[in-house]
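The structure file upload-v1.txt is reproduced below (compact mmCIF, C-alpha atoms and all ligand atoms).
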# COMPACT_ATOMS: atom_id res chain seq x y z
CA MET A 1 56.59 107.64 96.49
CA SER A 2 53.01 108.58 97.32
CA GLY A 3 51.14 107.66 100.48
CA GLY A 4 50.79 109.04 103.99
CA GLU A 5 53.35 110.94 106.05
CA ASN A 6 54.77 107.82 107.69
CA THR A 7 54.99 105.90 104.47
CA ARG A 8 56.85 108.78 102.84
CA ALA A 9 59.15 109.05 105.87
CA VAL A 10 60.09 105.38 105.59
CA HIS A 11 60.18 105.08 101.81
CA THR A 12 62.52 107.95 100.99
CA PRO A 13 63.91 108.34 97.47
CA ALA A 14 66.65 105.80 96.82
CA ALA A 15 70.21 107.05 97.35
CA PRO A 16 71.95 107.70 94.02
CA VAL A 17 74.25 104.94 92.81
CA PRO A 18 77.18 106.89 91.32
CA ALA A 19 78.66 105.83 88.00
CA GLN A 20 82.04 107.06 89.22
CA THR A 21 84.14 105.05 91.68
CA PRO A 22 84.38 106.85 95.01
CA LEU A 23 87.95 107.58 96.11
CA GLY A 24 87.05 106.96 99.74
CA LEU A 25 85.60 103.62 100.81
CA PRO A 26 81.78 103.79 101.10
CA VAL A 27 80.41 102.52 104.40
CA TYR A 28 77.51 100.16 103.75
CA ARG A 29 75.89 100.66 107.11
CA THR A 30 73.00 98.36 106.38
CA ALA A 31 71.93 95.08 107.94
CA ALA A 32 70.14 93.86 104.81
CA PHE A 33 69.97 94.34 101.04
CA SER A 34 66.81 94.31 98.93
CA PHE A 35 66.11 92.40 95.73
CA SER A 36 64.13 93.18 92.58
CA THR A 37 62.48 89.78 92.44
CA ALA A 38 61.81 86.79 94.67
CA GLN A 39 63.88 84.76 92.22
CA GLU A 40 66.91 87.02 92.72
CA TYR A 41 66.56 86.71 96.51
CA ALA A 42 66.47 82.91 96.23
CA GLU A 43 69.47 82.78 93.89
CA VAL A 44 71.66 85.13 95.93
CA LEU A 45 70.91 83.20 99.12
CA GLY A 46 71.55 79.92 97.36
CA GLY A 47 74.92 81.17 96.11
CA GLU A 48 73.85 80.73 92.46
CA ARG A 49 74.14 84.45 91.79
CA PRO A 50 76.70 86.84 93.26
CA GLY A 51 75.23 89.47 95.54
CA TYR A 52 74.68 90.67 99.05
CA SER A 53 71.78 89.66 101.26
CA TYR A 54 72.55 90.18 104.94
CA SER A 55 75.52 91.87 106.63
CA ARG A 56 76.28 88.94 108.93
CA VAL A 57 76.84 86.91 105.77
CA ASP A 58 78.79 89.47 103.71
CA ASN A 59 79.13 93.25 103.68
CA PRO A 60 80.85 95.23 100.89
CA THR A 61 82.85 97.47 103.28
CA ALA A 62 84.06 94.48 105.30
CA ASP A 63 84.88 92.63 102.07
CA ALA A 64 86.92 95.59 100.82
CA PHE A 65 89.02 95.53 103.99
CA ALA A 66 89.63 91.76 103.84
CA ALA A 67 90.53 91.97 100.14
CA ALA A 68 93.02 94.77 100.86
CA VAL A 69 94.77 92.68 103.51
CA ALA A 70 94.81 89.68 101.16
CA ALA A 71 96.47 91.85 98.50
CA LEU A 72 99.18 92.87 101.00
CA GLU A 73 99.77 89.35 102.38
CA GLY A 74 99.69 87.68 98.98
CA ALA A 75 101.72 90.28 97.08
CA GLY A 76 104.60 87.94 96.20
CA LEU A 77 102.54 84.88 95.31
CA ASP A 78 101.39 83.44 91.99
CA GLY A 79 98.30 81.73 93.39
CA GLU A 80 95.16 83.60 94.40
CA VAL A 81 94.91 84.77 98.01
CA VAL A 82 91.59 85.87 99.51
CA GLY A 83 90.56 87.22 102.90
CA GLN A 84 87.67 87.00 105.33
CA PRO A 85 86.74 89.86 107.69
CA PHE A 86 86.12 89.32 111.42
CA ALA A 87 84.85 91.33 114.37
CA SER A 88 88.13 90.85 116.27
CA GLY A 89 91.39 88.95 116.16
CA MET A 90 89.89 86.31 118.44
CA ALA A 91 86.83 85.97 116.16
CA ALA A 92 89.25 85.23 113.30
CA ILE A 93 91.37 82.80 115.33
CA SER A 94 88.43 80.94 116.87
CA THR A 95 86.59 80.60 113.55
CA VAL A 96 89.73 79.40 111.74
CA LEU A 97 90.58 76.86 114.45
CA LEU A 98 86.99 75.58 114.67
CA SER A 99 86.91 75.27 110.91
CA LEU A 100 90.14 73.24 110.79
CA THR A 101 89.30 70.84 113.64
CA SER A 102 86.58 68.48 114.75
CA SER A 103 86.19 66.23 117.78
CA GLY A 104 89.30 64.05 118.11
CA ALA A 105 91.56 66.40 116.17
CA HIS A 106 94.91 67.55 117.52
CA VAL A 107 96.71 70.91 117.37
CA VAL A 108 100.41 71.65 117.90
CA ALA A 109 100.94 75.17 119.25
CA PRO A 110 103.80 77.13 120.77
CA ARG A 111 104.00 77.52 124.55
CA GLN A 112 104.66 81.24 123.98
CA ILE A 113 101.26 82.06 122.53
CA TYR A 114 98.76 84.93 122.83
CA GLY A 115 96.76 84.47 126.07
CA GLY A 116 93.37 84.53 124.35
CA THR A 117 94.45 81.82 121.91
CA TYR A 118 95.81 79.73 124.79
CA ALA A 119 92.47 80.04 126.60
CA LEU A 120 90.54 79.17 123.43
CA LEU A 121 92.60 76.01 122.88
CA THR A 122 92.60 74.85 126.50
CA THR A 123 88.98 75.63 127.38
CA VAL A 124 86.60 75.98 124.40
CA LEU A 125 88.28 73.62 121.92
CA ALA A 126 89.23 71.15 124.67
CA ARG A 127 85.56 70.98 125.66
CA PHE A 128 84.72 69.82 122.13
CA GLY A 129 87.38 67.11 122.16
CA VAL A 130 90.21 68.93 120.39
CA GLN A 131 93.55 68.37 122.10
CA THR A 132 96.52 70.70 121.94
CA THR A 133 100.16 69.93 122.62
CA PHE A 134 102.15 73.03 123.58
CA VAL A 135 105.82 72.93 122.66
CA ASP A 136 108.81 75.24 122.34
CA GLY A 137 107.70 76.68 119.00
CA THR A 138 111.25 77.68 118.04
CA ASP A 139 112.40 74.05 118.27
CA LEU A 140 111.39 72.37 115.00
CA GLU A 141 112.28 68.93 116.38
CA ALA A 142 109.92 69.48 119.32
CA VAL A 143 107.15 70.46 116.91
CA ARG A 144 107.87 67.39 114.76
CA SER A 145 107.77 65.03 117.76
CA ALA A 146 104.45 66.48 118.92
CA VAL A 147 102.74 65.72 115.60
CA ARG A 148 100.28 62.80 115.69
CA PRO A 149 98.27 61.12 112.93
CA GLU A 150 95.24 63.18 114.03
CA THR A 151 97.11 66.53 113.96
CA THR A 152 95.19 68.91 111.68
CA VAL A 153 96.79 72.25 112.65
CA ILE A 154 100.35 73.42 113.28
CA TYR A 155 100.00 76.88 114.80
CA ALA A 156 102.59 79.63 115.28
CA GLU A 157 103.03 83.38 115.76
CA THR A 158 105.48 85.22 113.48
CA LEU A 159 106.78 87.17 116.49
CA ALA A 160 105.89 85.83 119.93
CA ASN A 161 105.09 87.88 122.99
CA PRO A 162 107.06 88.81 125.11
CA THR A 163 110.54 87.53 124.18
CA MET A 164 110.00 88.34 120.50
CA SER A 165 111.07 84.89 119.34
CA VAL A 166 110.72 84.44 115.59
CA ALA A 167 108.88 81.45 114.08
CA ASP A 168 110.83 79.39 111.55
CA LEU A 169 108.07 79.81 108.97
CA PRO A 170 109.58 77.71 106.11
CA GLY A 171 110.43 74.92 108.57
CA LEU A 172 106.94 74.88 110.10
CA ALA A 173 105.32 75.00 106.65
CA ALA A 174 107.35 71.97 105.54
CA LEU A 175 106.47 70.06 108.74
CA ALA A 176 102.77 70.77 108.22
CA ARG A 177 102.92 69.59 104.61
CA GLU A 178 104.67 66.39 105.71
CA ALA A 179 102.02 65.82 108.40
CA GLY A 180 99.07 66.60 106.10
CA ALA A 181 98.13 69.40 108.51
CA THR A 182 97.32 73.07 107.86
CA SER A 183 99.89 75.63 109.01
CA VAL A 184 98.28 78.68 110.63
CA VAL A 185 100.26 81.75 111.64
CA ASP A 186 99.15 84.71 113.75
CA SER A 187 101.15 87.54 112.19
CA THR A 188 99.70 90.38 114.27
CA PHE A 189 103.05 91.56 115.70
CA ALA A 190 104.69 91.60 112.27
CA SER A 191 101.99 92.83 109.86
CA PRO A 192 102.49 92.33 106.11
CA ALA A 193 104.80 95.37 106.12
CA VAL A 194 107.40 93.25 107.97
CA CYS A 195 106.78 89.67 106.86
CA ARG A 196 104.30 87.77 104.69
CA PRO A 197 104.10 84.17 105.98
CA LEU A 198 102.30 82.87 102.85
CA GLU A 199 105.48 83.66 100.86
CA HIS A 200 107.29 81.22 103.17
CA GLY A 201 104.82 78.39 102.49
CA ILE A 202 102.41 78.95 105.39
CA ASP A 203 98.82 77.99 104.50
CA LEU A 204 96.74 80.54 106.42
CA VAL A 205 97.48 83.85 108.17
CA VAL A 206 95.37 85.50 110.88
CA HIS A 207 95.62 89.01 112.33
CA SER A 208 94.23 91.07 115.08
CA ALA A 209 93.53 94.09 112.85
CA THR A 210 93.05 96.04 116.08
CA LYS A 211 96.83 96.46 116.22
CA TYR A 212 99.07 97.54 113.29
CA LEU A 213 96.58 97.08 110.43
CA GLY A 214 94.18 99.64 111.88
CA GLY A 215 97.06 101.36 113.62
CA HIS A 216 95.19 104.03 115.58
CA SER A 217 93.76 102.08 118.56
CA ASP A 218 90.25 103.15 117.55
CA ALA A 219 88.76 100.04 115.94
CA THR A 220 88.54 96.34 116.78
CA GLY A 221 88.73 93.76 114.03
CA GLY A 222 90.36 90.66 112.65
CA VAL A 223 91.12 89.06 109.32
CA ALA A 224 92.18 85.69 107.92
CA VAL A 225 93.82 85.17 104.52
CA ALA A 226 94.61 82.03 102.54
CA SER A 227 93.83 80.27 99.26
CA PRO A 228 90.20 80.46 98.03
CA LYS A 229 89.74 76.77 98.88
CA LEU A 230 90.77 77.13 102.53
CA MET A 231 88.87 80.39 102.92
CA ALA A 232 85.62 78.95 101.54
CA ALA A 233 85.43 76.63 104.56
CA VAL A 234 86.37 79.45 106.93
CA ARG A 235 83.70 81.74 105.43
CA HIS A 236 81.08 79.02 105.81
CA ASP A 237 81.83 78.68 109.53
CA ARG A 238 82.19 82.44 109.98
CA ILE A 239 78.60 82.88 108.79
CA ASP A 240 77.31 80.34 111.31
CA LEU A 241 79.48 81.59 114.18
CA GLY A 242 78.45 85.16 113.44
CA GLY A 243 81.71 87.03 113.99
CA ILE A 244 81.82 89.27 110.91
CA LEU A 245 83.45 92.72 110.97
CA ALA A 246 81.04 95.68 111.31
CA PRO A 247 80.99 98.19 108.41
CA ASP A 248 82.11 101.22 110.47
CA GLU A 249 85.06 99.30 111.92
CA ALA A 250 85.88 98.02 108.42
CA PHE A 251 86.05 101.61 107.17
CA LEU A 252 88.49 102.66 109.91
CA LEU A 253 90.67 99.57 109.50
CA HIS A 254 90.71 99.98 105.72
CA ARG A 255 91.76 103.60 106.09
CA GLY A 256 94.58 102.49 108.37
CA LEU A 257 95.94 100.15 105.70
CA ALA A 258 96.75 103.04 103.34
CA THR A 259 99.54 104.16 105.67
CA LEU A 260 100.57 100.72 106.96
CA PRO A 261 103.98 100.57 105.23
CA LEU A 262 104.80 104.18 106.18
CA ARG A 263 103.74 103.69 109.78
CA VAL A 264 105.41 100.32 110.20
CA GLU A 265 108.68 101.52 108.69
CA ARG A 266 108.73 104.33 111.26
CA HIS A 267 107.54 102.08 114.13
CA CYS A 268 110.38 99.67 113.33
CA SER A 269 113.18 102.22 112.95
CA SER A 270 112.09 103.90 116.20
CA ALA A 271 111.98 100.52 117.98
CA LEU A 272 115.60 99.94 116.96
CA VAL A 273 116.56 103.33 118.43
CA VAL A 274 114.70 102.54 121.66
CA ALA A 275 116.04 98.97 121.94
CA SER A 276 119.68 99.98 121.30
CA GLY A 277 119.39 102.94 123.69
CA LEU A 278 117.93 100.81 126.47
CA LEU A 279 120.64 98.19 126.02
CA GLU A 280 123.23 100.83 126.89
CA HIS A 281 121.48 101.96 130.08
CA PRO A 282 123.16 100.60 133.24
CA GLY A 283 119.74 100.15 134.89
CA VAL A 284 118.66 97.65 132.24
CA GLN A 285 119.62 94.00 132.53
CA ARG A 286 118.07 92.70 129.32
CA VAL A 287 116.41 93.88 126.12
CA ASP A 288 114.48 91.55 123.80
CA HIS A 289 114.07 92.82 120.27
CA PRO A 290 114.91 90.80 117.14
CA GLY A 291 116.55 93.83 115.51
CA LEU A 292 119.35 93.66 118.08
CA PRO A 293 122.30 91.48 117.00
CA THR A 294 122.24 90.11 120.59
CA HIS A 295 118.74 88.60 120.07
CA ARG A 296 118.81 84.83 119.57
CA ASP A 297 116.62 85.00 116.47
CA HIS A 298 118.30 88.01 114.83
CA ALA A 299 119.66 85.97 111.90
CA LEU A 300 116.30 84.24 111.25
CA ALA A 301 114.46 87.57 111.44
CA THR A 302 116.94 89.13 109.00
CA LYS A 303 116.28 86.25 106.60
CA LEU A 304 112.47 86.29 106.82
CA PHE A 305 111.67 89.98 107.38
CA ASP A 306 111.83 92.98 105.04
CA ALA A 307 115.13 94.87 105.29
CA GLY A 308 115.54 96.90 108.48
CA ARG A 309 112.09 95.93 109.82
CA TYR A 310 111.99 93.78 112.93
CA GLY A 311 108.63 94.78 114.38
CA ALA A 312 108.19 97.48 116.99
CA ILE A 313 107.71 95.67 120.27
CA VAL A 314 110.61 95.95 122.70
CA THR A 315 110.68 93.95 125.92
CA ALA A 316 112.95 95.56 128.51
CA THR A 317 113.94 94.21 131.91
CA PRO A 318 115.15 96.80 134.42
CA ARG A 319 117.41 95.72 137.30
CA GLY A 320 115.46 95.32 140.54
CA GLY A 321 112.82 92.70 139.73
CA ARG A 322 109.03 93.03 139.78
CA GLU A 323 108.97 96.28 141.78
CA ALA A 324 111.38 97.98 139.40
CA GLY A 325 109.28 96.90 136.40
CA MET A 326 106.08 98.33 137.87
CA ALA A 327 107.83 101.53 139.07
CA LEU A 328 109.34 102.03 135.61
CA CYS A 329 105.82 102.06 134.10
CA ASP A 330 104.58 104.51 136.74
CA ARG A 331 107.43 106.99 136.22
CA LEU A 332 106.93 107.33 132.47
CA ARG A 333 105.47 110.70 131.37
CA LEU A 334 105.07 110.37 127.60
CA VAL A 335 104.65 106.61 127.24
CA GLY A 336 101.23 105.57 128.53
CA ILE A 337 100.27 102.48 130.51
CA ALA A 338 97.79 100.62 128.33
CA THR A 339 96.89 97.28 126.89
CA SER A 340 96.98 96.62 123.14
CA LEU A 341 99.80 97.64 120.80
CA GLY A 342 100.58 98.79 117.30
CA GLY A 343 98.97 102.24 117.58
CA THR A 344 100.25 105.78 117.11
CA HIS A 345 100.91 106.19 120.86
CA SER A 346 103.79 104.42 122.60
CA VAL A 347 102.43 102.28 125.41
CA VAL A 348 103.97 100.10 128.09
CA GLY A 349 102.76 97.25 130.28
CA HIS A 350 104.35 95.28 133.08
CA ILE A 351 104.24 91.71 131.81
CA GLY A 352 104.21 89.74 135.08
CA SER A 353 101.17 91.60 136.46
CA THR A 354 99.16 91.85 133.23
CA THR A 355 99.44 89.58 130.18
CA HIS A 356 101.24 86.88 132.17
CA ARG A 357 99.66 87.50 135.61
CA GLN A 358 98.63 83.85 136.01
CA LEU A 359 102.30 82.80 136.07
CA SER A 360 104.26 82.60 139.35
CA ASP A 361 107.82 83.99 139.39
CA GLU A 362 109.05 80.40 138.91
CA ALA A 363 106.72 79.83 135.98
CA LEU A 364 107.83 83.16 134.51
CA ALA A 365 111.46 82.05 134.81
CA GLY A 366 110.49 78.79 133.07
CA ALA A 367 109.13 80.87 130.20
CA ASP A 368 112.35 82.91 130.11
CA ILE A 369 110.60 86.05 131.40
CA ASP A 370 112.03 88.12 134.27
CA PRO A 371 109.42 89.26 136.86
CA GLY A 372 110.48 92.85 136.15
CA ALA A 373 110.10 92.74 132.37
CA VAL A 374 107.97 95.40 130.65
CA ARG A 375 106.64 95.36 127.10
CA ILE A 376 106.91 98.56 125.10
CA SER A 377 104.90 99.11 121.92
CA VAL A 378 106.94 101.80 120.20
CA GLY A 379 104.61 104.40 118.69
CA LEU A 380 104.99 107.17 116.14
CA GLU A 381 106.32 109.92 118.43
CA ASP A 382 109.86 111.15 117.75
CA PRO A 383 112.11 108.24 118.75
CA GLU A 384 114.45 110.44 120.81
CA ASP A 385 111.47 111.59 122.90
CA ILE A 386 110.36 108.00 123.55
CA LEU A 387 113.87 106.96 124.54
CA ALA A 388 114.39 110.07 126.69
CA ASP A 389 111.19 109.27 128.61
CA LEU A 390 112.33 105.71 129.26
CA VAL A 391 115.79 106.92 130.31
CA GLN A 392 114.40 109.50 132.77
CA ALA A 393 112.16 106.80 134.29
CA LEU A 394 115.09 104.37 134.58
CA ASP A 395 117.34 107.08 136.06
CA SER A 396 114.74 107.71 138.77
CA LEU A 397 114.55 104.08 139.93
C1 LIG A 401 95.54 91.32 120.30
C2 LIG A 401 95.98 90.01 119.77
C3 LIG A 401 95.06 89.00 119.45
C4 LIG A 401 93.58 89.15 119.69
O1 LIG A 401 93.02 90.14 118.91
P1 LIG A 401 91.68 90.94 119.31
O2 LIG A 401 91.49 91.89 118.19
O3 LIG A 401 91.95 91.59 120.64
O4 LIG A 401 90.60 89.92 119.44
C5 LIG A 401 95.54 87.83 118.91
N1 LIG A 401 96.85 87.62 118.71
C6 LIG A 401 97.78 88.55 119.02
C7 LIG A 401 99.21 88.26 118.79
C8 LIG A 401 97.38 89.77 119.56
O5 LIG A 401 98.29 90.70 119.89
Take the structure from the file and write it as structure tokens.
Amino acid sequence: MSGGENTRAVHTPAAPVPAQTPLGLPVYRTAAFSFSTAQEYAEVLGGERPGYSYSRVDNPTADAFAAAVAALEGAGLDGEVVGQPFASGMAAISTVLLSLTSSGAHVVAPRQIYGGTYALLTTVLARFGVQTTFVDGTDLEAVRSAVRPETTVIYAETLANPTMSVADLPGLAALAREAGATSVVDSTFASPAVCRPLEHGIDLVVHSATKYLGGHSDATGGVAVASPKLMAAVRHDRIDLGGILAPDEAFLLHRGLATLPLRVERHCSSALVVASGLLEHPGVQRVDHPGLPTHRDHALATKLFDAGRYGAIVTATPRGGREAGMALCDRLRLVGIATSLGGTHSVVGHIGSTTHRQLSDEALAGADIDPGAVRISVGLEDPEDILADLVQALDSL
């Protein structure tokens, strides 16, 4: 390129386009793509020709991540499964719910639901005339009775925080089909290395990729997967709502996926060690983990989940109420106090003062949560070290 100094500084030689496929995922850190002709620009924008135009619309790195998750979630299916990338789990959930509802529509959702999703349904969607009925999501009859002619979404979480109840995915899928509604499942706590809801008839799966999919607590993202038909509508609204995944985050999340099965297998086996160990401690009054035969949904989890994998969140209730729960967190040396979950590091949080802080002790009891309960995300440290840390903290109470 000829021209002055500034022109040459801007118009550098084009980066080589390799004929070989890179082993690592290239990061397309670009906001826009250029075209050879005005006609090509018009056709790509009009959807008449495949191609990239603008990274809020589509980005190759973000697409690669969404396609990888779709391949994992849709592994056992005959039909095609595709994914859409989002800037966060809430970007995925809000776009999906907005795309499946309009003013006057109705949603059936579980009472035990992620706080951000609860807020979205009760504030944002309610403001636009979408009503939600919250029911005991583990009670199929309660879900059935809540369905109305205008119900467009039956929503669930594979594993629900904090009691780790397990959604009856085939039952909910059948109810949604009967009602002519779309079944949507947040499978963040399970990940496709534990359970793939589409295999059980669920229509659409959403994830906070920030958790197990990325797995290293260093990137925020979300993803939705479903049939091409459902995802076409979701993509359309994603473009207008603007919540696409950024290329750098897509790279990190995609890299995390390569070790997802290895990590999750270890997360799950360690969680079983921690849950069983805590159950034996005299200072513990209750442990909620679906891998324990004492958990109410153990049989359902065994049926729906991959062998030996029950997720890696353990909810433990020490004797001594709220104070004991908070003191337990403070006395831990290895396990950190932090929000989020699904990363390499084991972390703990006192439920009543954090994720469920809006609930009084009575309301907590109504939700089957003890004021002292703590949620442990079991990380990738040696399981005996995680358990030993919890035991020394309990012994000191
Ligand atoms: C974290 C989380 C979300 C929200 O995801 P973000 O990436 O934080 O937006 C949604 N659902 C569940 C179950 C979660 O744990």
At a cut-off of 7 Å, can you tabulate as JSON lines every residue of chain A near ligand LIG 401 (chain A) together with its closest atom pair and the distance in Å to one decimal, using all atoms listed in the file and ordering rows by chain then number?
{"residue": "A:Ser88", "atom": "CA", "partner": "A:LIG401", "partner_atom": "O2", "distance": 4.0}
{"residue": "A:Gly89", "atom": "CA", "partner": "A:LIG401", "partner_atom": "O1", "distance": 3.4}
{"residue": "A:Met90", "atom": "CA", "partner": "A:LIG401", "partner_atom": "O4", "distance": 3.8}
{"residue": "A:Ala91", "atom": "CA", "partner": "A:LIG401", "partner_atom": "O4", "distance": 6.4}
{"residue": "A:Tyr114", "atom": "CA", "partner": "A:LIG401", "partner_atom": "C7", "distance": 5.3}
{"residue": "A:Gly116", "atom": "CA", "partner": "A:LIG401", "partner_atom": "C4", "distance": 6.6}
{"residue": "A:Thr117", "atom": "CA", "partner": "A:LIG401", "partner_atom": "C5", "distance": 6.8}
{"residue": "A:Glu157", "atom": "CA", "partner": "A:LIG401", "partner_atom": "C7", "distance": 6.9}
{"residue": "A:Asp186", "atom": "CA", "partner": "A:LIG401", "partner_atom": "C7", "distance": 6.2}
{"residue": "A:Ser187", "atom": "CA", "partner": "A:LIG401", "partner_atom": "C7", "distance": 6.9}
{"residue": "A:Thr188", "atom": "CA", "partner": "A:LIG401", "partner_atom": "C7", "distance": 5.0}
{"residue": "A:Phe189", "atom": "CA", "partner": "A:LIG401", "partner_atom": "C7", "distance": 5.9}
{"residue": "A:His207", "atom": "CA", "partner": "A:LIG401", "partner_atom": "N1", "distance": 6.6}
{"residue": "A:Ser208", "atom": "CA", "partner": "A:LIG401", "partner_atom": "O1", "distance": 4.1}
{"residue": "A:Ala209", "atom": "CA", "partner": "A:LIG401", "partner_atom": "O2", "distance": 6.1}
{"residue": "A:Thr210", "atom": "CA", "partner": "A:LIG401", "partner_atom": "O2", "distance": 4.9}
{"residue": "A:Lys211", "atom": "CA", "partner": "A:LIG401", "partner_atom": "C1", "distance": 6.7}
{"residue": "A:Thr220", "atom": "CA", "partner": "A:LIG401", "partner_atom": "O2", "distance": 5.5}
{"residue": "A:Gly221", "atom": "CA", "partner": "A:LIG401", "partner_atom": "O2", "distance": 5.3}
{"residue": "A:Gly222", "atom": "CA", "partner": "A:LIG401", "partner_atom": "O2", "distance": 5.8}
{"residue": "A:Ser340", "atom": "CA", "partner": "A:LIG401", "partner_atom": "C1", "distance": 6.2}
* To do: Would you mind listing what lies within 10 Å of Leu341 in chain A as a list in words, with all atoms listed in the file counted and same-chain residues fewer than 2 positions away left out?
  =>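 Result of the neighbour search: Thr188, Phe189, Thr210, Lys211, Tyr212, Gly215, His216, Ser217, Ala312, Ile313, Ala338, Thr339, Gly343, Thr344, His345, Ser346, Val347, Val348, Gly349, Arg375, Ile376, Ser377, Val378 and Gly379 of chain A.
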* Asked: Residues at most 12 Å from Asp361 in chain A, counting all atoms listed in the file, excluding those fewer than 5 positions away in the same chain, as a PyMOL selection string?
  -> chain A and resi 321-322+351-353+356+366-373
Residues of the last selection are to be written out with C-alpha atoms, as a short mmCIF file (atom, residue, chain, number, x, y, z; two decimals), in the coordinates of the input.
data_model
loop_
_atom_site.label_atom_id
_atom_site.label_comp_id
_atom_site.auth_asym_id
_atom_site.auth_seq_id
_atom_site.Cartn_x
_atom_site.Cartn_y
_atom_site.Cartn_z
CA GLY A 321 112.82 92.70 139.73
CA ARG A 322 109.03 93.03 139.78
CA ILE A 351 104.24 91.71 131.81
CA GLY A 352 104.21 89.74 135.08
CA SER A 353 101.17 91.60 136.46
CA HIS A 356 101.24 86.88 132.17
CA GLY A 366 110.49 78.79 133.07
CA ALA A 367 109.13 80.87 130.20
CA ASP A 368 112.35 82.91 130.11
CA ILE A 369 110.60 86.05 131.40
CA ASP A 370 112.03 88.12 134.27
CA PRO A 371 109.42 89.26 136.86
CA GLY A 372 110.48 92.85 136.15
CA ALA A 373 110.10 92.74 132.37
#
Counting all atoms listed in the file, what are the residues of range 15-111 of chain A within 12 Å of range 139-142 of chain A, and for each of them which pair of atoms is the nearest and at what distance in Å, to one decimal? Sort the table by chain and rising number, as CSV.
residue,atom,partner,partner_atom,distance
A:Val108,CA,A:Ala142,CA,9.9
A:Ala109,CA,A:Ala142,CA,10.6
A:Pro110,CA,A:Asp139,CA,9.5
A:Arg111,CA,A:Asp139,CA,11.0
* What is the distance between CA of Leu172 in chain A and CA of Thr132 in chain A, in Å to one decimal? ->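 Calculated distance between CA of Leu172 in chain A and CA of Thr132 in chain A is 16.3 Å.
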* Interatomic distance between CA of Ala193 in chain A and CA of Ser55 in chain A? ->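 Separating CA of Ala193 in chain A from CA of Ser55 in chain A is a distance of 29.5 Å.
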* **Å distance separating CA of Val335 in chain A from CA of Cys195 in chain A, one decimal place** => 26.6 Å
* Considering all atoms listed in the file, return as a ChimeraX atom specification whatever protein or nucleic-acid residues lie within 12 Å of Ile239 in chain A, sequence-local ones (same chain, fewer than 2 positions apart) excluded. => /A:54-59,84-87,91-92,95,99,232-237,241-245
* To do: With a distance cut-off of 10 Å and only C-alpha atoms, select the neighbouring residues of Phe35 in chain A, excluding the residue or stretch itself and same-chain residues fewer than 2 positions from it, and output the selection as a ChimeraX atom specification.
  => /A:33,37-42,44,51-53
* Select all residues near (101.5, 73.0, 114.4) (cut-off 10 Å, inclusive, file coordinates), counting all atoms listed in the file, and output them as a ChimeraX atom specification. => /A:106-110,132-135,137,140,143-144,146-147,151-156,172-173,175-176,179,181-185
* **Top pick for closest residue to Asp389 in chain A, considering A:Gly308, A:Gly79, A:Gly336, A:Gly129 and counting all atoms listed in the file** => A:Gly336
* **Surrounding residues of Val225 in chain A excluding itself and chain neighbours under 4 positions, 7 Å, only C-alpha atoms, as a PyMOL selection string** => chain A and resi 70+81-84+204-206
* Asked: Looking at A:Ala316, A:Ile337, A:Ala32, A:Ala71, which one is nearest to Glu280 in chain A, with distances taken over all atoms listed in the file?
  -> A:Ala316
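The nearest approach to Met164 in chain A among the residues A:Gly47, A:Pro290, A:Gly201, A:Pro18, with all atoms listed in the file taken into account, belongs to A:Pro290.
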* Would you please work out which residue, of A:Thr315, A:Ser396, A:Ser227, A:Ser269, is nearest to Thr163 in chain A when using all atoms listed in the file? =>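 Looking at the shortest contact to Thr163 in chain A, the residue is A:Thr315.
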